[in-house]
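K.L.:
For reference, the file input.txt (compact mmCIF, C-alpha atoms and all ligand atoms) is included below:
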# COMPACT_ATOMS: atom_id res chain seq x y z
CA MET A 1 146.36 149.55 -21.08
CA GLY A 2 149.14 151.15 -23.06
CA CYS A 3 151.63 150.75 -20.26
CA HIS A 4 151.14 147.35 -18.61
CA GLN A 5 150.27 143.85 -19.73
CA VAL A 6 149.96 140.73 -17.64
CA ASP A 7 152.81 138.72 -19.13
CA LYS A 8 154.77 141.09 -21.35
CA LYS A 9 156.90 144.11 -20.53
CA LEU A 10 155.57 147.23 -22.28
CA VAL A 11 156.33 150.71 -20.97
CA GLY A 12 155.96 149.33 -17.47
CA PRO A 13 156.80 145.88 -16.11
CA ALA A 14 154.59 142.83 -16.79
CA TYR A 15 152.25 142.23 -13.85
CA LYS A 16 153.46 138.63 -13.62
CA ASP A 17 156.99 139.96 -13.06
CA VAL A 18 155.71 142.40 -10.43
CA ALA A 19 153.95 139.53 -8.61
CA ALA A 20 157.14 137.43 -8.70
CA LYS A 21 159.29 140.30 -7.41
CA TYR A 22 157.10 140.99 -4.38
CA LYS A 23 156.19 137.39 -3.55
CA GLY A 24 156.40 137.02 0.24
CA ASP A 25 156.77 140.77 0.81
CA LYS A 26 154.18 141.66 3.45
CA ASN A 27 154.50 145.38 2.80
CA ALA A 28 153.98 145.08 -0.95
CA LEU A 29 150.27 145.89 -0.94
CA ALA A 30 150.78 149.10 1.03
CA THR A 31 153.93 150.16 -0.83
CA LEU A 32 152.57 149.50 -4.29
CA THR A 33 149.15 151.02 -3.59
CA LYS A 34 150.90 154.26 -2.64
CA LYS A 35 153.24 154.05 -5.62
CA VAL A 36 150.46 153.53 -8.16
CA LYS A 37 148.67 156.60 -6.72
CA THR A 38 151.63 158.94 -6.67
CA GLY A 39 153.83 157.48 -9.41
CA GLY A 40 157.46 156.49 -9.09
CA SER A 41 160.61 155.32 -10.82
CA GLY A 42 163.90 153.52 -10.52
CA VAL A 43 162.73 150.00 -9.68
CA TRP A 44 162.32 148.50 -13.16
CA GLY A 45 164.26 150.95 -15.26
CA PRO A 46 164.69 154.63 -16.00
CA VAL A 47 161.12 155.25 -17.21
CA PRO A 48 158.90 156.69 -14.46
CA MET A 49 155.29 155.73 -13.88
CA PRO A 50 153.15 158.86 -13.74
CA ALA A 51 150.79 159.46 -10.83
CA ASN A 52 147.35 157.89 -11.24
CA ALA A 53 145.65 160.35 -8.92
CA GLY A 54 142.24 160.04 -10.55
CA VAL A 55 141.82 156.44 -9.38
CA SER A 56 140.18 155.94 -5.99
CA ASP A 57 142.16 154.34 -3.14
CA ALA A 58 139.72 151.43 -3.11
CA ASP A 59 140.13 150.79 -6.83
CA VAL A 60 143.93 150.99 -6.65
CA LYS A 61 143.94 148.50 -3.77
CA THR A 62 141.72 146.12 -5.74
CA VAL A 63 144.01 146.23 -8.77
CA VAL A 64 147.24 145.88 -6.73
CA GLU A 65 145.77 142.88 -4.88
CA TRP A 66 145.01 141.32 -8.24
CA VAL A 67 148.52 142.07 -9.57
CA LEU A 68 150.16 140.57 -6.46
CA ALA A 69 148.01 137.45 -6.84
CA GLY A 70 149.74 136.90 -10.17
CA ALA A 71 147.16 138.72 -12.30
CA PRO A 72 144.95 135.63 -12.81
CA ALA A 73 142.59 135.60 -15.79
CA LYS A 74 139.04 136.39 -14.77
C1 LIG B 101 146.06 152.42 -12.36
C2 LIG B 101 146.90 152.03 -13.34
C3 LIG B 101 148.27 151.41 -13.05
C4 LIG B 101 148.60 150.39 -12.19
C5 LIG B 101 147.66 149.57 -11.29
C6 LIG B 101 150.04 150.21 -12.27
C7 LIG B 101 150.77 149.29 -11.52
C8 LIG B 101 152.16 149.26 -11.43
C9 LIG B 101 152.93 148.49 -10.48
C10 LIG B 101 152.34 147.55 -9.41
C11 LIG B 101 154.26 148.75 -10.72
C12 LIG B 101 155.48 148.19 -9.95
C13 LIG B 101 156.06 149.28 -9.03
C14 LIG B 101 157.27 148.86 -8.24
O1 LIG B 101 157.76 147.73 -8.38
O2 LIG B 101 157.76 149.68 -7.43
C15 LIG B 101 154.34 149.69 -11.82
C16 LIG B 101 155.49 150.24 -12.37
C17 LIG B 101 155.55 151.00 -13.52
N1 LIG B 101 154.46 151.49 -14.24
FE1 LIG B 101 152.51 151.29 -13.72
N2 LIG B 101 150.54 151.10 -13.19
C18 LIG B 101 149.49 151.84 -13.69
C19 LIG B 101 149.58 152.83 -14.65
C20 LIG B 101 150.69 153.12 -15.41
C21 LIG B 101 150.74 154.02 -16.55
C22 LIG B 101 149.54 154.79 -17.07
C23 LIG B 101 152.03 154.00 -17.01
C24 LIG B 101 152.64 154.69 -18.21
C25 LIG B 101 152.29 155.91 -18.63
C26 LIG B 101 152.79 153.12 -16.16
C27 LIG B 101 154.14 152.85 -16.29
C28 LIG B 101 154.94 152.20 -15.34
C29 LIG B 101 156.39 152.18 -15.34
C30 LIG B 101 157.30 152.82 -16.38
C31 LIG B 101 156.77 151.43 -14.18
C32 LIG B 101 158.20 151.15 -13.68
C33 LIG B 101 158.57 152.22 -12.63
C34 LIG B 101 159.87 151.92 -11.91
O3 LIG B 101 160.84 151.46 -12.54
O4 LIG B 101 159.94 152.17 -10.69
N3 LIG B 101 151.96 152.60 -15.21
N4 LIG B 101 153.03 149.99 -12.23
As structure tokens, please, write out the structure in this file.
P.N.:
Amino acid sequence: MGCHQVDKKLVGPAYKDVAAKYKGDKNALATLTKKVKTGGSGVWGPVPMPANAGVSDADVKTVVEWVLAGAPAK
């Protein structure tokens, strides 16, 4: 919550921007699921995203699918 918002850059990129960047990228779900689990840096700026190892693979996949769909309001 402190790091990402749907339509505003915070510490991490806005999810809408993430969805736009990976639109049409068939590997995005796999790549980003792995990246959210293990953390990473260098795509959006110098600040790294820490590993989110406590989140289950299934939950990460669910959230990344939602992000790539443009983070629609529920
Ligand atoms: C389970 C929770 C989280 C999800 C689903 C998530 C999702 C994402 C996604 C999809 C990206 C884009 C990665 C890319 O384009 O390669 C990203 C990047 C990023 N996130 Fe997160 N994130 C989470 C937690 C966090 C937390 C807790 C922080 C801050 C402490 C954070 C900070 C960042 C930063 C700084 C980036 C940019 C990294 C770069 O430039 O490569 N994220 N996140």
K.L.:
Find the distance between atom C28 of ligand LIG 101 (chain B) and CA of Val55 in chain A and write it in Å to one decimal.
P.N.:
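Value for the atom C28 of ligand LIG 101 (chain B)-CA of Val55 in chain A distance: 15.0 Å.
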K.L.:
Could you make a table, as JSON lines, of the residues of chain A that have an atom within 7 Å of an atom of ligand LIG 101 (chain B), each with its nearest atom pair and distance in Å to one decimal, counting only C-alpha atoms and all ligand atoms, in chain and number order?
P.N.:
{"residue": "A:Gly2", "atom": "CA", "partner": "B:LIG101", "partner_atom": "C24", "distance": 7.0}
{"residue": "A:Cys3", "atom": "CA", "partner": "B:LIG101", "partner_atom": "C24", "distance": 4.6}
{"residue": "A:His4", "atom": "CA", "partner": "B:LIG101", "partner_atom": "N3", "distance": 6.3}
{"residue": "A:Val11", "atom": "CA", "partner": "B:LIG101", "partner_atom": "C30", "distance": 5.1}
{"residue": "A:Gly12", "atom": "CA", "partner": "B:LIG101", "partner_atom": "C29", "distance": 3.6}
{"residue": "A:Pro13", "atom": "CA", "partner": "B:LIG101", "partner_atom": "C17", "distance": 5.9}
{"residue": "A:Tyr15", "atom": "CA", "partner": "B:LIG101", "partner_atom": "C10", "distance": 6.9}
{"residue": "A:Val18", "atom": "CA", "partner": "B:LIG101", "partner_atom": "C12", "distance": 5.8}
{"residue": "A:Leu32", "atom": "CA", "partner": "B:LIG101", "partner_atom": "C10", "distance": 5.5}
{"residue": "A:Lys35", "atom": "CA", "partner": "B:LIG101", "partner_atom": "C13", "distance": 6.5}
{"residue": "A:Val36", "atom": "CA", "partner": "B:LIG101", "partner_atom": "C6", "distance": 5.3}
{"residue": "A:Gly40", "atom": "CA", "partner": "B:LIG101", "partner_atom": "O4", "distance": 5.2}
{"residue": "A:Ser41", "atom": "CA", "partner": "B:LIG101", "partner_atom": "O4", "distance": 3.2}
{"residue": "A:Gly42", "atom": "CA", "partner": "B:LIG101", "partner_atom": "O4", "distance": 4.2}
{"residue": "A:Val43", "atom": "CA", "partner": "B:LIG101", "partner_atom": "O4", "distance": 3.7}
{"residue": "A:Trp44", "atom": "CA", "partner": "B:LIG101", "partner_atom": "O3", "distance": 3.4}
{"residue": "A:Gly45", "atom": "CA", "partner": "B:LIG101", "partner_atom": "O3", "distance": 4.4}
{"residue": "A:Pro46", "atom": "CA", "partner": "B:LIG101", "partner_atom": "O3", "distance": 6.1}
{"residue": "A:Val47", "atom": "CA", "partner": "B:LIG101", "partner_atom": "C30", "distance": 4.6}
{"residue": "A:Pro48", "atom": "CA", "partner": "B:LIG101", "partner_atom": "C30", "distance": 4.6}
{"residue": "A:Met49", "atom": "CA", "partner": "B:LIG101", "partner_atom": "C28", "distance": 3.8}
{"residue": "A:Pro50", "atom": "CA", "partner": "B:LIG101", "partner_atom": "C25", "distance": 5.8}
{"residue": "A:Asn52", "atom": "CA", "partner": "B:LIG101", "partner_atom": "C1", "distance": 5.7}
{"residue": "A:Val55", "atom": "CA", "partner": "B:LIG101", "partner_atom": "C1", "distance": 6.6}
{"residue": "A:Val60", "atom": "CA", "partner": "B:LIG101", "partner_atom": "C5", "distance": 6.1}
{"residue": "A:Val63", "atom": "CA", "partner": "B:LIG101", "partner_atom": "C5", "distance": 5.6}
{"residue": "A:Val64", "atom": "CA", "partner": "B:LIG101", "partner_atom": "C5", "distance": 5.9}
{"residue": "A:Val67", "atom": "CA", "partner": "B:LIG101", "partner_atom": "C10", "distance": 6.7}
K.L.:
Which is closest to Ala58 in chain A among A:Lys16, A:Asp25, A:Val6, A:Thr33, if we use all atoms listed in the file?
P.N.:
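Comparing A:Lys16, A:Asp25, A:Val6, A:Thr33 against Ala58 in chain A, the winner is A:Thr33.
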K.L.:
Have a look at A:Ala19, A:Lys37, A:Asp7, A:Ala51 and name the one nearest to Trp66 in chain A; count all atoms listed in the file.
P.N.:
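Smallest distance to Trp66 in chain A is found for A:Ala19.
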K.L.:
Using all atoms listed in the file, which residue out of A:Leu68, A:Ala53, A:Met1, A:Leu10 lies closest to Lys26 in chain A?
P.N.:
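Closest residue, counting all atoms listed in the file: A:Leu68.
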K.L.:
Can you work out the spacing between CA of Lys8 in chain A and CA of Ser56 in chain A in Å, to one decimal?
P.N.:
25.9 Å
K.L.:
Check the smallest atom-to-atom distance from each of A:Lys34, A:Lys23, A:Gly70, A:Gly39 to Asp57 in chain A using only C-alpha atoms, then report the winner.
P.N.:
A:Lys34
K.L.:
What separation in Å, quoted to one decimal, exists between CA of Lys61 in chain A and CA of Leu29 in chain A?
P.N.:
7.4 Å
K.L.:
Restricting the calculation to all atoms listed in the file: of A:Ala69, A:Asp59, A:Thr38, A:Gly54, which residue gets closest to Lys21 in chain A?
P.N.:
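Closest residue, counting all atoms listed in the file: A:Ala69.
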